[in-house]
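data-v9.cif follows; it contains mmCIF, C-alpha atoms.
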```
data_run
loop_
_atom_site.label_atom_id
_atom_site.label_comp_id
_atom_site.auth_asym_id
_atom_site.auth_seq_id
_atom_site.Cartn_x
_atom_site.Cartn_y
_atom_site.Cartn_z
CA MET A 533 4.64 3.25 -102.23
CA SER A 534 2.02 1.02 -100.63
CA SER A 535 1.31 -2.46 -101.97
CA PRO A 536 -2.06 -3.24 -103.55
CA LEU A 537 -4.80 -4.85 -101.49
CA PHE A 538 -5.16 -7.65 -104.03
CA ASP A 539 -3.91 -8.76 -107.43
CA LEU A 540 -5.94 -8.07 -110.54
CA PRO A 541 -6.26 -10.51 -113.45
CA GLN A 542 -3.90 -9.78 -116.30
CA PRO A 543 -4.82 -9.86 -120.01
CA PRO A 544 -3.31 -12.71 -121.99
CA ALA A 545 -0.39 -12.09 -124.32
CA ILE A 546 -0.88 -13.28 -127.89
CA PRO A 547 1.78 -15.53 -129.46
CA VAL A 548 3.53 -14.12 -132.53
CA ILE A 549 4.44 -16.55 -135.30
CA GLY A 550 8.22 -17.10 -135.38
CA GLU A 551 8.84 -15.02 -132.22
CA GLU A 552 9.85 -16.04 -128.71
CA ARG A 553 8.14 -13.01 -127.20
CA SER A 554 4.38 -12.52 -127.24
CA TYR A 555 2.20 -9.47 -127.85
CA PRO A 556 0.64 -7.91 -124.71
CA ILE A 557 -2.93 -6.70 -125.10
CA GLY A 558 -3.50 -3.12 -124.02
CA ARG A 559 -6.86 -1.95 -125.38
CA ILE A 560 -9.36 -3.53 -127.77
CA PHE A 561 -11.26 -1.28 -130.19
CA CYS A 562 -13.98 -2.80 -132.37
CA VAL A 563 -15.44 -1.38 -135.58
CA GLY A 564 -19.20 -1.74 -135.93
CA ARG A 565 -21.09 -2.48 -139.16
CA ASN A 566 -18.04 -2.54 -141.41
CA TYR A 567 -19.59 -4.95 -143.93
CA ALA A 568 -22.75 -3.84 -145.73
CA ALA A 569 -24.20 -7.36 -145.94
CA HIS A 570 -23.80 -7.90 -142.20
CA ALA A 571 -25.40 -4.54 -141.42
CA ALA A 572 -28.32 -5.51 -143.66
CA GLU A 573 -28.82 -8.89 -141.99
CA MET A 574 -28.97 -7.08 -138.63
CA GLY A 575 -31.59 -4.69 -140.03
CA ASN A 576 -29.25 -1.69 -140.00
CA GLU A 577 -28.07 0.81 -142.55
CA VAL A 578 -24.38 1.51 -143.05
CA ASP A 579 -23.06 4.89 -141.98
CA ARG A 580 -20.66 5.74 -144.79
CA GLU A 581 -19.76 9.12 -143.29
CA ALA A 582 -17.40 7.65 -140.70
CA PRO A 583 -16.74 4.36 -138.89
CA PHE A 584 -18.04 3.89 -135.35
CA TYR A 585 -16.58 1.90 -132.47
CA PHE A 586 -17.16 0.05 -129.25
CA THR A 587 -14.56 -1.37 -126.87
CA LYS A 588 -13.95 -4.69 -125.16
CA SER A 589 -11.92 -5.27 -122.00
CA ALA A 590 -8.49 -6.79 -122.52
CA VAL A 591 -8.82 -8.98 -119.40
CA ASN A 592 -11.84 -10.67 -120.99
CA ALA A 593 -9.78 -11.96 -123.93
CA VAL A 594 -8.71 -15.59 -124.41
CA LEU A 595 -6.39 -17.29 -126.87
CA SER A 596 -7.31 -19.56 -129.75
CA GLY A 597 -7.85 -23.16 -128.69
CA ALA A 598 -9.61 -22.23 -125.47
CA SER A 599 -12.61 -24.13 -124.14
CA VAL A 600 -14.97 -21.77 -122.35
CA PRO A 601 -18.43 -22.07 -120.79
CA TYR A 602 -21.54 -20.77 -122.49
CA PRO A 603 -21.96 -17.30 -120.97
CA PRO A 604 -24.64 -16.38 -118.43
CA GLY A 605 -27.56 -14.08 -119.12
CA THR A 606 -28.17 -14.97 -122.76
CA GLU A 607 -30.13 -17.41 -124.89
CA ASP A 608 -28.76 -16.12 -128.21
CA TYR A 609 -24.95 -16.26 -128.25
CA HIS A 610 -23.44 -15.39 -131.65
CA HIS A 611 -20.10 -15.81 -133.39
CA GLU A 612 -18.47 -12.97 -135.35
CA MET A 613 -15.28 -13.66 -137.34
CA GLU A 614 -12.91 -10.70 -137.74
CA LEU A 615 -9.50 -9.47 -138.86
CA ALA A 616 -7.52 -8.11 -135.90
CA VAL A 617 -4.87 -5.41 -136.37
CA ALA A 618 -2.16 -5.14 -133.70
CA LEU A 619 -0.26 -1.87 -133.41
CA GLY A 620 3.46 -1.62 -132.79
CA ALA A 621 3.87 2.17 -132.76
CA SER A 622 2.04 5.21 -131.44
CA LEU A 623 -0.44 7.09 -133.62
CA PHE A 624 -2.18 10.42 -133.18
CA ARG A 625 -3.95 12.17 -136.04
CA ALA A 626 -2.08 9.83 -138.34
CA SER A 627 -1.52 10.10 -142.06
CA PRO A 628 -2.14 7.00 -144.19
CA GLU A 629 1.62 6.41 -144.41
CA GLN A 630 2.01 6.60 -140.63
CA ALA A 631 -0.98 4.31 -140.13
CA ARG A 632 0.43 1.62 -142.43
CA ALA A 633 3.85 1.82 -140.77
CA ALA A 634 2.36 1.44 -137.28
CA VAL A 635 0.80 -1.99 -137.92
CA PHE A 636 2.89 -4.59 -136.12
CA ALA A 637 0.86 -7.68 -136.98
CA TYR A 638 -2.44 -9.12 -138.16
CA GLY A 639 -4.47 -12.01 -136.81
CA CYS A 640 -7.75 -13.89 -136.81
CA ALA A 641 -10.18 -13.09 -134.01
CA LEU A 642 -13.68 -13.83 -132.74
CA ASP A 643 -15.97 -11.15 -131.35
CA MET A 644 -18.47 -13.26 -129.42
CA THR A 645 -21.77 -11.49 -128.77
CA ARG A 646 -24.81 -11.90 -126.53
CA ARG A 647 -27.08 -10.88 -129.40
CA ASP A 648 -30.29 -10.75 -127.40
CA LEU A 649 -28.75 -8.35 -124.88
CA GLN A 650 -27.22 -6.25 -127.64
CA GLY A 651 -30.63 -6.04 -129.31
CA GLN A 652 -32.31 -4.97 -126.09
CA ALA A 653 -29.70 -2.24 -125.62
CA LYS A 654 -30.20 -1.00 -129.18
CA ASP A 655 -33.96 -0.83 -128.70
CA LYS A 656 -33.51 1.32 -125.58
CA ARG A 657 -30.66 3.38 -127.07
CA ARG A 658 -28.31 2.12 -124.36
CA PRO A 659 -24.63 1.06 -124.53
CA TRP A 660 -23.81 -2.41 -125.83
CA ASP A 661 -21.56 -3.47 -122.95
CA LEU A 662 -23.64 -6.41 -121.69
CA GLY A 663 -23.94 -7.75 -125.20
CA LYS A 664 -20.35 -7.23 -126.29
CA ASP A 665 -17.91 -6.88 -123.38
CA LEU A 666 -18.32 -10.27 -121.78
CA GLU A 667 -15.87 -12.60 -120.10
CA GLN A 668 -13.96 -14.76 -122.60
CA GLY A 669 -15.77 -12.96 -125.39
CA SER A 670 -12.71 -11.95 -127.47
CA VAL A 671 -10.65 -14.76 -128.94
CA PHE A 672 -7.27 -14.19 -130.62
CA ALA A 673 -5.22 -16.51 -132.81
CA PRO A 674 -1.41 -16.19 -133.02
CA LEU A 675 -0.38 -13.03 -134.81
CA THR A 676 1.57 -12.75 -138.06
CA ARG A 677 3.96 -9.83 -138.41
CA SER A 678 2.88 -7.37 -141.08
CA ALA A 679 6.17 -7.89 -142.92
CA ASP A 680 5.35 -11.61 -143.22
CA TRP A 681 1.87 -11.16 -144.73
CA ASP A 682 1.05 -9.37 -147.94
CA GLY A 683 -1.84 -7.49 -146.38
CA PRO A 684 -5.63 -7.73 -146.29
CA ASP A 685 -6.32 -6.99 -149.96
CA ASN A 686 -8.50 -9.64 -151.59
CA LYS A 687 -8.22 -12.18 -148.74
CA ARG A 688 -10.95 -14.69 -147.96
CA ILE A 689 -12.43 -14.61 -144.44
CA TRP A 690 -14.50 -17.56 -143.26
CA LEU A 691 -15.98 -19.33 -140.23
CA THR A 692 -17.46 -22.76 -139.53
CA VAL A 693 -19.41 -24.23 -136.63
CA ASP A 694 -18.87 -27.98 -136.21
CA ASN A 695 -17.32 -27.88 -139.71
CA ALA A 696 -20.50 -26.43 -141.25
CA PRO A 697 -19.94 -23.14 -143.16
CA ARG A 698 -21.42 -20.04 -141.56
CA GLN A 699 -19.45 -17.01 -142.78
CA ASP A 700 -17.58 -16.71 -146.08
CA ALA A 701 -16.56 -13.36 -147.54
CA ASN A 702 -13.63 -11.25 -148.71
CA LEU A 703 -11.81 -8.56 -146.74
CA ASN A 704 -12.27 -6.26 -149.75
CA GLU A 705 -15.92 -6.07 -148.68
CA MET A 706 -14.97 -3.95 -145.68
CA ILE A 707 -16.45 -0.48 -145.99
CA TRP A 708 -13.57 1.06 -144.07
CA ALA A 709 -10.13 -0.34 -144.87
CA VAL A 710 -7.51 -0.80 -142.17
CA THR A 711 -5.70 2.43 -143.03
CA ASP A 712 -8.96 4.40 -143.03
CA ILE A 713 -9.85 3.04 -139.60
CA LEU A 714 -6.46 3.84 -138.06
CA CYS A 715 -6.44 7.38 -139.45
CA HIS A 716 -9.94 8.04 -138.17
CA LEU A 717 -9.55 6.39 -134.75
CA SER A 718 -6.25 8.17 -134.11
CA GLY A 719 -8.12 11.44 -134.36
CA TYR A 720 -9.88 10.58 -131.09
CA TYR A 721 -7.30 8.52 -129.18
CA HIS A 722 -3.55 8.48 -128.73
CA LEU A 723 -3.13 4.97 -130.09
CA ARG A 724 -0.14 3.01 -128.86
CA PRO A 725 1.61 -0.38 -128.99
CA GLY A 726 -0.65 -3.01 -127.45
CA ASP A 727 -3.80 -1.58 -129.01
CA ILE A 728 -5.77 -4.07 -131.10
CA ILE A 729 -8.44 -3.07 -133.60
CA MET A 730 -11.05 -5.65 -134.56
CA THR A 731 -12.27 -4.58 -137.98
CA GLY A 732 -15.82 -5.91 -138.12
CA THR A 733 -17.54 -9.08 -139.28
CA PRO A 734 -19.09 -10.14 -142.60
CA ALA A 735 -22.57 -11.54 -143.07
CA GLY A 736 -23.49 -14.97 -141.78
CA VAL A 737 -23.38 -14.45 -138.03
CA GLY A 738 -25.54 -16.78 -136.01
CA PRO A 739 -26.13 -18.59 -132.73
CA VAL A 740 -23.92 -21.23 -131.16
CA THR A 741 -24.66 -23.63 -128.34
CA ALA A 742 -22.74 -25.57 -125.72
CA GLY A 743 -20.69 -28.41 -127.19
CA GLN A 744 -20.07 -26.72 -130.52
CA VAL A 745 -16.66 -25.92 -132.00
CA ILE A 746 -16.12 -22.60 -133.78
CA GLU A 747 -13.25 -22.30 -136.27
CA GLY A 748 -12.37 -19.36 -138.49
CA GLY A 749 -9.63 -18.25 -140.81
CA ILE A 750 -8.26 -15.62 -143.16
CA ASP A 751 -5.99 -16.45 -146.10
CA GLY A 752 -2.37 -16.50 -144.95
CA LEU A 753 -3.03 -16.12 -141.21
CA SER A 754 -3.14 -18.60 -138.35
CA PRO A 755 -6.74 -19.80 -137.80
CA VAL A 756 -8.77 -19.23 -134.64
CA LYS A 757 -10.68 -21.89 -132.70
CA LEU A 758 -13.06 -21.87 -129.73
CA THR A 759 -14.95 -24.69 -128.01
CA LEU A 760 -18.10 -23.94 -126.03
CA LEU A 761 -18.73 -25.91 -122.84
CA PRO A 762 -21.95 -26.16 -120.84
CA ALA A 763 -22.82 -23.08 -118.80
CA GLN A 764 -21.29 -22.83 -115.37
CA LYS A 765 -23.58 -23.40 -112.42
CA ALA A 766 -23.93 -20.68 -109.83
CA THR A 767 -21.61 -21.07 -106.85
CA GLU A 768 -23.13 -21.37 -103.42
#
```
Conversion result in structure tokens:
Amino acid sequence: MSSPLFDLPQPPAIPVIGEERSYPIGRIFCVGRNYAAHAAEMGNEVDREAPFYFTKSAVNAVLSGASVPYPPGTEDYHHEMELAVALGASLFRASPEQARAAVFAYGCALDMTRRDLQGQAKDKRRPWDLGKDLEQGSVFAPLTRSADWDGPDNKRIWLTVDNAPRQDANLNEMIWAVTDILCHLSGYYHLRPGDIIMTGTPAGVGPVTAGQVIEGGIDGLSPVKLTLLPAQKATE
């Protein structure tokens, strides 16, 4: 077998609380408009027939505590605080029992978004990739094994920017619960260990600028933190 021409960047592995080994990121699936109040603030109606999804590249993920530059191509960069679900078993056309058993861990995550580019794509009925799948645009806190957390029921989810409150809600406000999402998504993909599902964001999203510190949390889970640096200058 021939050797590759060059090495590709590898996705980060997420620390797991109380474990020596970390969780490798395979694929990242994101649920859109999973909180009615957030959909309303974006001027959208909720589709209660079925959840819908977009994806983000695993190599674009970073870990909590990172300091990253303000991204290029946007003047309206937004935070979105989310519950992340990490799978530890394969799922295909799963039952609710199988879906619950397949969850390896939960964690706090940020789905950073170039909102202006996402809006332009929506207006032209184009994919959201430029707005959503950006370098260093997914941020993951250390994971907590599902056996060590009593689940997402009635848990507060919140986010601050420079210690000022921005998002504050309850996971019970999700339109599609974790089990619902896994059952539905596994009807379209062979889900497997390493897959992470970001379950949507509550109301209160908004812009952030260089120099600001974003912190978010969910009751009982390790918090997530991101610091924004000035934008990188173009290389000559």
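Taken over the shown file, the PyMOL selection byres ((chain A and resi 763) around 7) identifies A:Pro601, A:Tyr602, A:Pro603, A:Pro604, A:Leu761, A:Pro762, A:Gln764, A:Lys765.
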Next on the checklist: Since I can't run it myself right now, could you work out what the PyMOL selection byres ((chain A and resi 697-707) around 7) selects here and report it as a VMD selection string?
Outcome noted: chain A and resid 566 to 567 684 to 693 695 to 696 708 to 709 734 to 737
Checklist entry - Expanded to explicit residues, what is the PyMOL selection byres ((chain A and resi 758) around 12) for this file, as a count of residues only? => result 43
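Closest approach to Ile549 of chain A among A:Pro536, A:Gly605, A:Gly732, A:Gly639 is made by A:Gly639 (distances from only C-alpha atoms).
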Around all of segment 601-608 of chain A's listed atoms, make the axis-aligned box with 6 Å on each side and tell me centre and edge lengths in Å to one decimal, as lines of an AutoDock Vina configuration file.
```
center_x = -24.3
center_y = -18.1
center_z = -123.3
size_x = 23.7
size_y = 20.0
size_z = 21.8
```
Checklist outcome for this item: atom CA of Asp661 of chain A to atom CA of Pro583 of chain A measures 18.4 Å
Checklist entry - Between A:Gln652, A:Thr676, A:Thr711, A:Thr587, which one has atoms that come closest to Ala634 of chain A, using only C-alpha atoms? => result A:Thr711
Next on the checklist: Please determine, counting all atoms listed in the file, which residue among A:Val635, A:Ala545, A:Leu615, A:Asp608 has the shortest atom-to-atom distance to Gly749 of chain A.
Outcome noted: A:Leu615
Next on the checklist: Quick one: residues within 9 Å of Phe584 of chain A, only C-alpha atoms, excluding same-chain residues fewer than 4 positions away - as a PyMOL selection string?
Outcome noted: chain A and resi 562-566+579+717
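Taking atom CA of Gly663 of chain A as the reference point, atom CA of Thr645 of chain A is found at 5.6 Å.
Between Arg724 of chain A and the residues A:Gly738, A:Gly620, A:Pro541, A:Gly575, the shortest atom-to-atom distance, using all atoms listed in the file, involves A:Gly620.
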With a distance cut-off of 7 Å and all atoms listed in the file, select the neighbouring residues of Arg559 of chain A, excluding the residue or stretch itself and same-chain residues fewer than 6 positions from it, and output the selection as a PDB file with C-alpha atoms, keeping the file's coordinate frame.
```
ATOM      1  CA  SER A 589     -11.920  -5.270-122.000  1.00  0.00           C
ATOM      2  CA  ALA A 590      -8.490  -6.790-122.520  1.00  0.00           C
ATOM      3  CA  GLY A 726      -0.650  -3.010-127.450  1.00  0.00           C
ATOM      4  CA  ASP A 727      -3.800  -1.580-129.010  1.00  0.00           C
ATOM      5  CA  ILE A 728      -5.770  -4.070-131.100  1.00  0.00           C
TER       6      ILE A 728
END
```
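Here atom CA of Ser718 of chain A is placed at a distance of 6.2 Å from atom CA of Ala626 of chain A.
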Can you take segment 698-713 of chain A from the block and write N, CA, C and O atoms as a short mmCIF file (atom, residue, chain, number, x, y, z; two decimals), in the first residue's frame?
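part-v8.cif, freshly written:
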```cif
data_model
loop_
_atom_site.label_atom_id
_atom_site.label_comp_id
_atom_site.auth_asym_id
_atom_site.auth_seq_id
_atom_site.Cartn_x
_atom_site.Cartn_y
_atom_site.Cartn_z
N ARG A 698 -26.77 35.74 28.61
CA ARG A 698 -27.30 35.80 27.24
C ARG A 698 -28.40 34.75 27.04
O ARG A 698 -29.47 35.06 26.55
N GLN A 699 -28.10 33.50 27.37
CA GLN A 699 -29.07 32.42 27.19
C GLN A 699 -29.35 31.78 28.54
O GLN A 699 -28.44 31.56 29.33
N ASP A 700 -30.61 31.47 28.79
CA ASP A 700 -31.00 30.83 30.05
C ASP A 700 -32.32 30.13 29.82
O ASP A 700 -33.36 30.76 29.60
N ALA A 701 -32.29 28.80 29.85
CA ALA A 701 -33.49 28.02 29.52
C ALA A 701 -33.42 26.68 30.24
O ALA A 701 -32.59 26.47 31.13
N ASN A 702 -34.31 25.78 29.86
CA ASN A 702 -34.37 24.45 30.43
C ASN A 702 -34.38 23.44 29.29
O ASN A 702 -35.04 23.66 28.27
N LEU A 703 -33.66 22.33 29.46
CA LEU A 703 -33.62 21.32 28.41
C LEU A 703 -34.99 20.72 28.12
O LEU A 703 -35.21 20.16 27.05
N ASN A 704 -35.93 20.84 29.06
CA ASN A 704 -37.29 20.36 28.81
C ASN A 704 -37.99 21.16 27.71
O ASN A 704 -39.03 20.73 27.20
N GLU A 705 -37.41 22.30 27.34
CA GLU A 705 -37.99 23.11 26.27
C GLU A 705 -37.66 22.57 24.89
O GLU A 705 -38.20 23.07 23.89
N MET A 706 -36.79 21.57 24.81
CA MET A 706 -36.49 20.99 23.51
C MET A 706 -37.75 20.37 22.90
O MET A 706 -38.48 19.65 23.59
N ILE A 707 -37.98 20.65 21.65
CA ILE A 707 -39.14 20.07 20.97
C ILE A 707 -38.94 18.58 20.78
O ILE A 707 -39.85 17.78 21.00
N TRP A 708 -37.74 18.20 20.36
CA TRP A 708 -37.39 16.80 20.15
C TRP A 708 -36.41 16.37 21.22
O TRP A 708 -35.30 16.90 21.30
N ALA A 709 -36.80 15.44 22.08
CA ALA A 709 -35.93 14.94 23.13
C ALA A 709 -34.81 14.10 22.53
O ALA A 709 -34.87 13.70 21.36
N VAL A 710 -33.81 13.82 23.34
CA VAL A 710 -32.65 13.07 22.86
C VAL A 710 -33.05 11.74 22.23
O VAL A 710 -32.60 11.39 21.13
N THR A 711 -33.91 10.98 22.91
CA THR A 711 -34.32 9.69 22.38
C THR A 711 -35.05 9.84 21.05
O THR A 711 -34.82 9.07 20.11
N ASP A 712 -35.92 10.84 20.94
CA ASP A 712 -36.62 11.09 19.68
C ASP A 712 -35.63 11.35 18.54
O ASP A 712 -35.78 10.84 17.44
N ILE A 713 -34.64 12.17 18.83
CA ILE A 713 -33.65 12.53 17.81
C ILE A 713 -32.87 11.30 17.35
O ILE A 713 -32.71 11.07 16.14
#
```
